[in-house]
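S.K.: Sharing a structure here in C-alpha cells format.
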Number of protein chains: 2
Amino acid sequence: MCSEVSETAARELAPIAHHRRIPVGQVIHSEHQGLGSLAIIVSGVVKLVKAQRDGRLQIVGLQYAADFVGHPYAAKSSLIAEATTHLELCCFSRSAFETLMRNHPTLEQALYRRALNDLETAREWMFLLGRKTAREKVASLLVSIATRINRPLGGVGATAGKMALQFDLPLSRNEIADALGLTIETVSREMRSLKLAGVVSTAGRRSVTVLNPDLLRTIAEGDLD
Amino acid sequence: MCSEVSETAARELAPIAHHRRIPVGQVIHSEHQGLGSLAIIVSGVVKLVKAQRDGRLQIVGLQYAADFVGHPYAAKSSLIAEATTHLELCCFSRSAFETLMRNHPTLEQALYRRALNDLETAREWMFLLGRKTAREKVASLLVSIATRINRPLGGVGATAGKMALQFDLPLSRNEIADALGLTIETVSREMRSLKLAGVVSTAGRRSVTVLNPDLLRTIAEGDLD
DNA sequence: CTGGGCCTTTGATCTAGATCAAAGTGCAGA
DNA sequence: TCTGCACTTTGATCTAGATCAAAGGCCCAG
C-alpha cells in the first residue's frame, strides 16, 4: 500500500517502511529536531508552518496524499509539520532512506522532481501572498484544495486541473487565514461573498460545494473584477 | 573560472560550458520556452519574476554569484529570469547537462541540495509576504541582499550570516517593491524611515551603507518596531 | 437529546499601505 | 559641462483589510 515512488527501488523501500496513524493536530516534526523520519502521506493533509516568536504564523505548504513530508539531506528548515486532518503515514527512518537513495538514482531523481514541484508551488503562492486580493486568495485556495484533495495515490499528472465539486476543507478558518496571509474575519467575509455570488455553497463548517468551477477559477486568476 | 559545483564531475563539466556576458534588463529565459540553457552565475544578479496578464508582478527569487539559474528536468515553471545588473554567466546546454547529471550522482545531489535551499528561501519569503509589515519587509530585503551580494563563488557556508556594510542595491525601487509585495512609494517611505532612525544611509540611487547591522536585523526579524 | 464551549459569522470602526498627484534629482548622452 | 527624462521622493487622500466587539450556531460530551 505504501509507495509507488519509483519502479525497482520500491521493492527495497517496503521493508524499511512502517505505517503510522496520526490524530488531528499532532506535530509530525518541528524545527530542526525533525530528526525522526521521512514520510509519504497515505491519507490526510499536513500543513507546513513557519512561526515567529511573537505568534505570527504563515502556512508555507500543504501536503496531500502521495506527497512527501520532510526532506532527505535537508539540514535546517525551521518548519513545523502538523496534521490538519486525521492522517495515515508511511514512515522511513531518515538514515535508512538516505542510504537507499544513494544506491538508487531513480529514487534520488524522483525526490529531486518533487522538490522542484514544491518549489514551483511555493513560488506560485508567493505571487498570491504578495499580489492577490483577499477575494482572489480565498478563491485560489479553494481551487487548490479542490484540485488536490481527492487525487488518490498515483494519479499525479492524469487528473491534472480537475476540480472536486464537493469536498471537506482540510483546514479551519484560522488555518485558511494563516495560509493566505489574512485574518479569519476577512476569510469569513470573502467566503460569504463567494456564496452570495453563487460560486460556492457550504454546509457545516467544513463542507464546500463548488457551484461554478469556471467562475471560481476565473476569480482566482484575477481575470475578473 | 566556471563551476566548483562538485569535485570530480567538474572536469567533465568544463568542456560543455560556455561563457556569456549579459546586459542589464535582458531576459535569460522566460515562460517554458526557457528551452535554452542552464547557467551558473559568475557575477551579477538575476531576478525570477512571476507575472500575470493584468500586469501584476511578483519577484519570487533572486539569484547571486555561484547560484544556478534554471532547473534540470523542470517541465514548466512559468517564470521569467532577467538580469537586474550586468551579468556574467557560465552556460550549459540543457540536454548535455542532464546527460552528465545522470552519470554523476554527486552532481545530481548538489543540484538537489540547491533546490532544497531555494525551497527554504522561498518559504522564508512566503512568511515575509504574508505576515511582515512594510518596514520589516524592507529591512529584511536589505539584510538578505547585504548577506549575499558580496559572497564570492565558493564561500557558501563559511561567511554565513555576515552582512556587507556597504553595497550597491542590485534592484531598482520598482523591483524592490515587486520583491516585497509593496508599492514603490511605500518602499521609498520605509527607506527614509530607516535612514531617519540611523539604521542605514544611502548615496545616489543604489548605494547603501548599513550603520547599525544589529538593529537592522532586529527590525527585519520583527523583534522590534 | 441537550448544554456549553469554541469556532465562526456579522457588524462597527480604524489604519497601514495603496492610490493619486507633484515636485525633486541622479545620471547618461550630447 | 549641461540637459532631458526616467527614476525617486514627498505630500494628500482613499480604501482594502485589520482590529475590536458581539452575537450565532455547530458539534461533542455527558
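Please note that chains go A, B, ... in the order of the C-alpha cells, that every chain numbers its residues from 1, and that ligands are numbered from 1 in the order shown.
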What are the closest atom pairs, with distances in Å to one decimal, for all residues of chain C lying within 10 Å of chain B? Consider only C-alpha atoms (C1' of nucleotides), order rows by chain and residue number, and present the result as a tab-separated table.
M.R.:
residue	atom	partner	partner_atom	distance
C:DA16	C1'	B:Thr133	CA	8.4
C:DG17	C1'	B:Thr186	CA	7.0
C:DA18	C1'	B:Thr183	CA	7.4
C:DT19	C1'	B:Thr183	CA	9.7
C:DT25	C1'	B:Gly204	CA	9.3
C:DG26	C1'	B:Gly204	CA	6.5
C:DC27	C1'	B:Gly204	CA	9.6
S.K.: Please produce an output containing C-alpha atoms (C1' of nucleotides) for each residue in the selection, written as a compact mmCIF listing (two decimals), in the first residue's frame.
M.R.:
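And here's out-v9.txt as it stands now:
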# COMPACT_ATOMS: atom_id res chain seq x y z
C1' DA C 16 -1.30 50.51 7.13
C1' DG C 17 -0.36 50.85 2.90
C1' DA C 18 -2.37 51.97 -1.79
C1' DT C 19 -3.51 55.41 -4.95
C1' DT C 25 17.33 64.59 -8.56
C1' DG C 26 20.84 61.30 -10.28
C1' DC C 27 22.91 60.24 -14.43
S.K.: Taking only C-alpha atoms (C1' of nucleotides) into account and nothing else, which residues of chain D lie no more than 9 Å away from chain B? Please answer as a list in words.
M.R.: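 Output check: DC7, DT8, DT9 and DT10 of chain D.
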S.K.: Residues within 12 Å of DG4 (chain C), please, as a VMD selection string. Count only C-alpha atoms (C1' of nucleotides); anything in the same chain fewer than 6 positions from it doesn't count.
M.R.: chain D and resid 25 to 30
S.K.: For a quick test of understanding: name the residues of chain B lying within 9 Å of chain A when counting only C-alpha atoms, and present them as a ChimeraX atom specification.
M.R.: /B:50-54,56-61,71,73-74,76-78,102,105,108-109,111-113,115-120,122-132,178-182,221-223
S.K.: Could you dump the residues just selected with C-alpha atoms as a PDB file, in the first residue's frame?
M.R.:
ATOM      1  CA  LYS B  50       6.076  35.679 -11.903  1.00  0.00           C
ATOM      2  CA  ALA B  51       3.731  37.827 -13.973  1.00  0.00           C
ATOM      3  CA  GLN B  52       0.011  37.923 -14.587  1.00  0.00           C
ATOM      4  CA  ARG B  53      -1.781  39.101 -17.731  1.00  0.00           C
ATOM      5  CA  ASP B  54      -3.075  42.227 -15.977  1.00  0.00           C
ATOM      6  CA  ARG B  56       0.811  42.451 -11.653  1.00  0.00           C
ATOM      7  CA  LEU B  57       4.326  41.227 -10.907  1.00  0.00           C
ATOM      8  CA  GLN B  58       5.966  39.371  -8.085  1.00  0.00           C
ATOM      9  CA  ILE B  59       9.667  38.671  -7.839  1.00  0.00           C
ATOM     10  CA  VAL B  60       9.859  35.132  -6.471  1.00  0.00           C
ATOM     11  CA  GLY B  61      13.602  34.710  -6.299  1.00  0.00           C
ATOM     12  CA  HIS B  71      16.375  23.674 -13.267  1.00  0.00           C
ATOM     13  CA  TYR B  73      14.220  18.226 -15.671  1.00  0.00           C
ATOM     14  CA  ALA B  74      11.891  21.072 -14.722  1.00  0.00           C
ATOM     15  CA  LYS B  76       7.048  24.016 -16.594  1.00  0.00           C
ATOM     16  CA  SER B  77       7.830  26.945 -14.358  1.00  0.00           C
ATOM     17  CA  SER B  78       6.059  29.995 -15.696  1.00  0.00           C
ATOM     18  CA  ARG B 102      22.644  11.058 -14.885  1.00  0.00           C
ATOM     19  CA  PRO B 105      25.369  11.247  -8.650  1.00  0.00           C
ATOM     20  CA  GLU B 108      22.672  15.377  -9.140  1.00  0.00           C
ATOM     21  CA  GLN B 109      22.899  15.549  -5.386  1.00  0.00           C
ATOM     22  CA  LEU B 111      21.598  20.235  -7.626  1.00  0.00           C
ATOM     23  CA  TYR B 112      19.116  18.603  -5.302  1.00  0.00           C
ATOM     24  CA  ARG B 113      20.600  20.418  -2.320  1.00  0.00           C
ATOM     25  CA  ALA B 115      16.751  23.062  -4.949  1.00  0.00           C
ATOM     26  CA  LEU B 116      16.134  22.430  -1.249  1.00  0.00           C
ATOM     27  CA  ASN B 117      17.898  25.684  -0.417  1.00  0.00           C
ATOM     28  CA  ASP B 118      15.789  27.561  -2.934  1.00  0.00           C
ATOM     29  CA  LEU B 119      12.694  25.971  -1.423  1.00  0.00           C
ATOM     30  CA  GLU B 120      13.695  27.027   2.087  1.00  0.00           C
ATOM     31  CA  ALA B 122      11.052  30.712  -0.948  1.00  0.00           C
ATOM     32  CA  ARG B 123       9.221  29.646   2.212  1.00  0.00           C
ATOM     33  CA  GLU B 124      11.063  32.220   4.275  1.00  0.00           C
ATOM     34  CA  TRP B 125       9.904  34.785   1.751  1.00  0.00           C
ATOM     35  CA  MET B 126       6.321  33.492   1.981  1.00  0.00           C
ATOM     36  CA  PHE B 127       6.343  34.393   5.648  1.00  0.00           C
ATOM     37  CA  LEU B 128       7.631  37.833   4.778  1.00  0.00           C
ATOM     38  CA  LEU B 129       4.967  38.393   2.116  1.00  0.00           C
ATOM     39  CA  GLY B 130       2.114  37.103   4.241  1.00  0.00           C
ATOM     40  CA  ARG B 131       2.921  38.353   7.708  1.00  0.00           C
ATOM     41  CA  LYS B 132       5.551  41.097   7.862  1.00  0.00           C
ATOM     42  CA  ASP B 178       7.851  43.825  -6.693  1.00  0.00           C
ATOM     43  CA  ALA B 179      10.003  41.651  -4.467  1.00  0.00           C
ATOM     44  CA  LEU B 180       8.237  42.738  -1.283  1.00  0.00           C
ATOM     45  CA  GLY B 181       4.638  42.939  -2.444  1.00  0.00           C
ATOM     46  CA  LEU B 182       4.551  46.711  -1.862  1.00  0.00           C
ATOM     47  CA  GLU B 221      13.013  39.780  12.438  1.00  0.00           C
ATOM     48  CA  GLY B 222      10.093  41.762  13.835  1.00  0.00           C
ATOM     49  CA  ASP B 223      11.502  41.727  17.360  1.00  0.00           C
TER      50      ASP B 223
END
S.K.: What is the distance, in Å and to one decimal place, between CA of Val27 (chain B) and CA of Thr85 (chain B)?
M.R.: 11.5 Å
S.K.: Quick one: pull the distance between CA of Cys90 (chain B) and CA of Arg21 (chain B), Å, one decimal.
M.R.: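 Between these atoms lies a distance of 9.0 Å.
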S.K.: Please provide the set of residues having any atom within 12 Å of Ile22 (chain A), restricted to only C-alpha atoms (C1' of nucleotides), with same-chain residues fewer than 2 positions apart removed, written as a ChimeraX atom specification.
M.R.: /A:19-20,24-28,41-46,82-91
S.K.: Could you find all residues in region 3-224 of chain B that DSSP calls strand (DSSP E or B) from the backbone, and write them as an MDAnalysis selection string?
M.R.: chainID B and resid 17:22 27:29 37:43 46:51 57:63 68:69 80:83 87:93 166:168 200:203 207:210
S.K.: Considering only C-alpha atoms (C1' of nucleotides), return as a VMD selection string whatever protein or nucleic-acid residues lie within 12 Å of DC2 (chain D), sequence-local ones (same chain, fewer than 6 positions apart) excluded.
M.R.: chain C and resid 27 to 30
S.K.: Store the residues of this selection in a file with N, CA and C atoms (P, O5', C5', C4', C3', O3' and C1' of nucleotides), as a PDB file, in the first residue's frame.
M.R.:
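The result, written out as result-v3.pdb:
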ATOM      1  P    DC C  27      23.712  58.266  -9.635  1.00  0.00           P
ATOM      2  O5'  DC C  27      23.628  58.368 -11.224  1.00  0.00           O
ATOM      3  C5'  DC C  27      22.456  57.904 -11.896  1.00  0.00           C
ATOM      4  C4'  DC C  27      22.543  58.198 -13.377  1.00  0.00           C
ATOM      5  C3'  DC C  27      23.967  58.240 -13.952  1.00  0.00           C
ATOM      6  O3'  DC C  27      23.921  57.709 -15.253  1.00  0.00           O
ATOM      7  C1'  DC C  27      22.908  60.235 -14.435  1.00  0.00           C
ATOM      8  P    DA C  28      24.991  56.609 -15.719  1.00  0.00           P
ATOM      9  O5'  DA C  28      24.607  56.368 -17.260  1.00  0.00           O
ATOM     10  C5'  DA C  28      23.239  56.145 -17.605  1.00  0.00           C
ATOM     11  C4'  DA C  28      22.900  56.840 -18.904  1.00  0.00           C
ATOM     12  C3'  DA C  28      23.953  56.714 -19.989  1.00  0.00           C
ATOM     13  O3'  DA C  28      23.311  56.554 -21.254  1.00  0.00           O
ATOM     14  C1'  DA C  28      23.642  59.007 -19.463  1.00  0.00           C
ATOM     15  P    DG C  29      24.104  56.235 -22.543  1.00  0.00           P
ATOM     16  O5'  DG C  29      24.000  57.589 -23.381  1.00  0.00           O
ATOM     17  C5'  DG C  29      22.705  58.094 -23.717  1.00  0.00           C
ATOM     18  C4'  DG C  29      22.838  59.510 -24.212  1.00  0.00           C
ATOM     19  C3'  DG C  29      23.854  59.687 -25.345  1.00  0.00           C
ATOM     20  O3'  DG C  29      23.266  60.510 -26.344  1.00  0.00           O
ATOM     21  C1'  DG C  29      24.329  61.191 -23.594  1.00  0.00           C
ATOM     22  P    DA C  30      24.006  60.815 -27.716  1.00  0.00           P
ATOM     23  O5'  DA C  30      24.144  62.397 -27.707  1.00  0.00           O
ATOM     24  C5'  DA C  30      22.967  63.200 -27.550  1.00  0.00           C
ATOM     25  C4'  DA C  30      23.375  64.645 -27.384  1.00  0.00           C
ATOM     26  C3'  DA C  30      24.352  65.146 -28.450  1.00  0.00           C
ATOM     27  O3'  DA C  30      24.025  66.476 -28.836  1.00  0.00           O
ATOM     28  C1'  DA C  30      25.326  65.395 -26.306  1.00  0.00           C
TER      29       DA C  30
END
S.K.: I'd like to know which of A:Glu175, A:Ala65, A:Lys195, A:Leu169 is closest to Arg151 (chain A), using only C-alpha atoms.
M.R.: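 Comparing A:Glu175, A:Ala65, A:Lys195, A:Leu169 against Arg151 (chain A), the winner is A:Ala65.
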S.K.: For the helix (DSSP H, G or I) assignment from backbone DSSP, which residues of region 7-198 of chain B qualify? Please present them as JSON, numbers by chain.
M.R.: {"B": [10, 11, 12, 13, 14, 15, 16, 94, 95, 96, 97, 98, 99, 100, 101, 102, 103, 105, 106, 107, 108, 109, 110, 111, 112, 113, 114, 115, 116, 117, 118, 119, 120, 121, 122, 123, 124, 125, 126, 127, 128, 129, 130, 131, 134, 135, 136, 137, 138, 139, 140, 141, 142, 143, 144, 145, 146, 147, 148, 173, 174, 175, 176, 177, 178, 179, 180, 184, 185, 186, 187, 188, 189, 190, 191, 192, 193, 194, 195, 196]}
S.K.: For Met163 (chain A), work out the shell of residues within 12 Å, counting only C-alpha atoms (C1' of nucleotides) and skipping chain neighbours fewer than 6 positions away, then give it as a list in words.
M.R.: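 Contacts, with the query itself left out: Ser140, Leu141, Leu142, Val143, Ser144, Ile145, Ala146, Thr147, Arg148, Ile149, Asn150, Arg151, Thr209, Val210, Leu211, Asn212, Pro213, Asp214, Leu216 and Arg217 of chain A.
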S.K.: Give me, please, the distance in Å between CA of Ser193 (chain A) and CA of Ser207 (chain A), quoted to one decimal.
M.R.: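 Value for the CA of Ser193 (chain A)-CA of Ser207 (chain A) distance: 16.6 Å.
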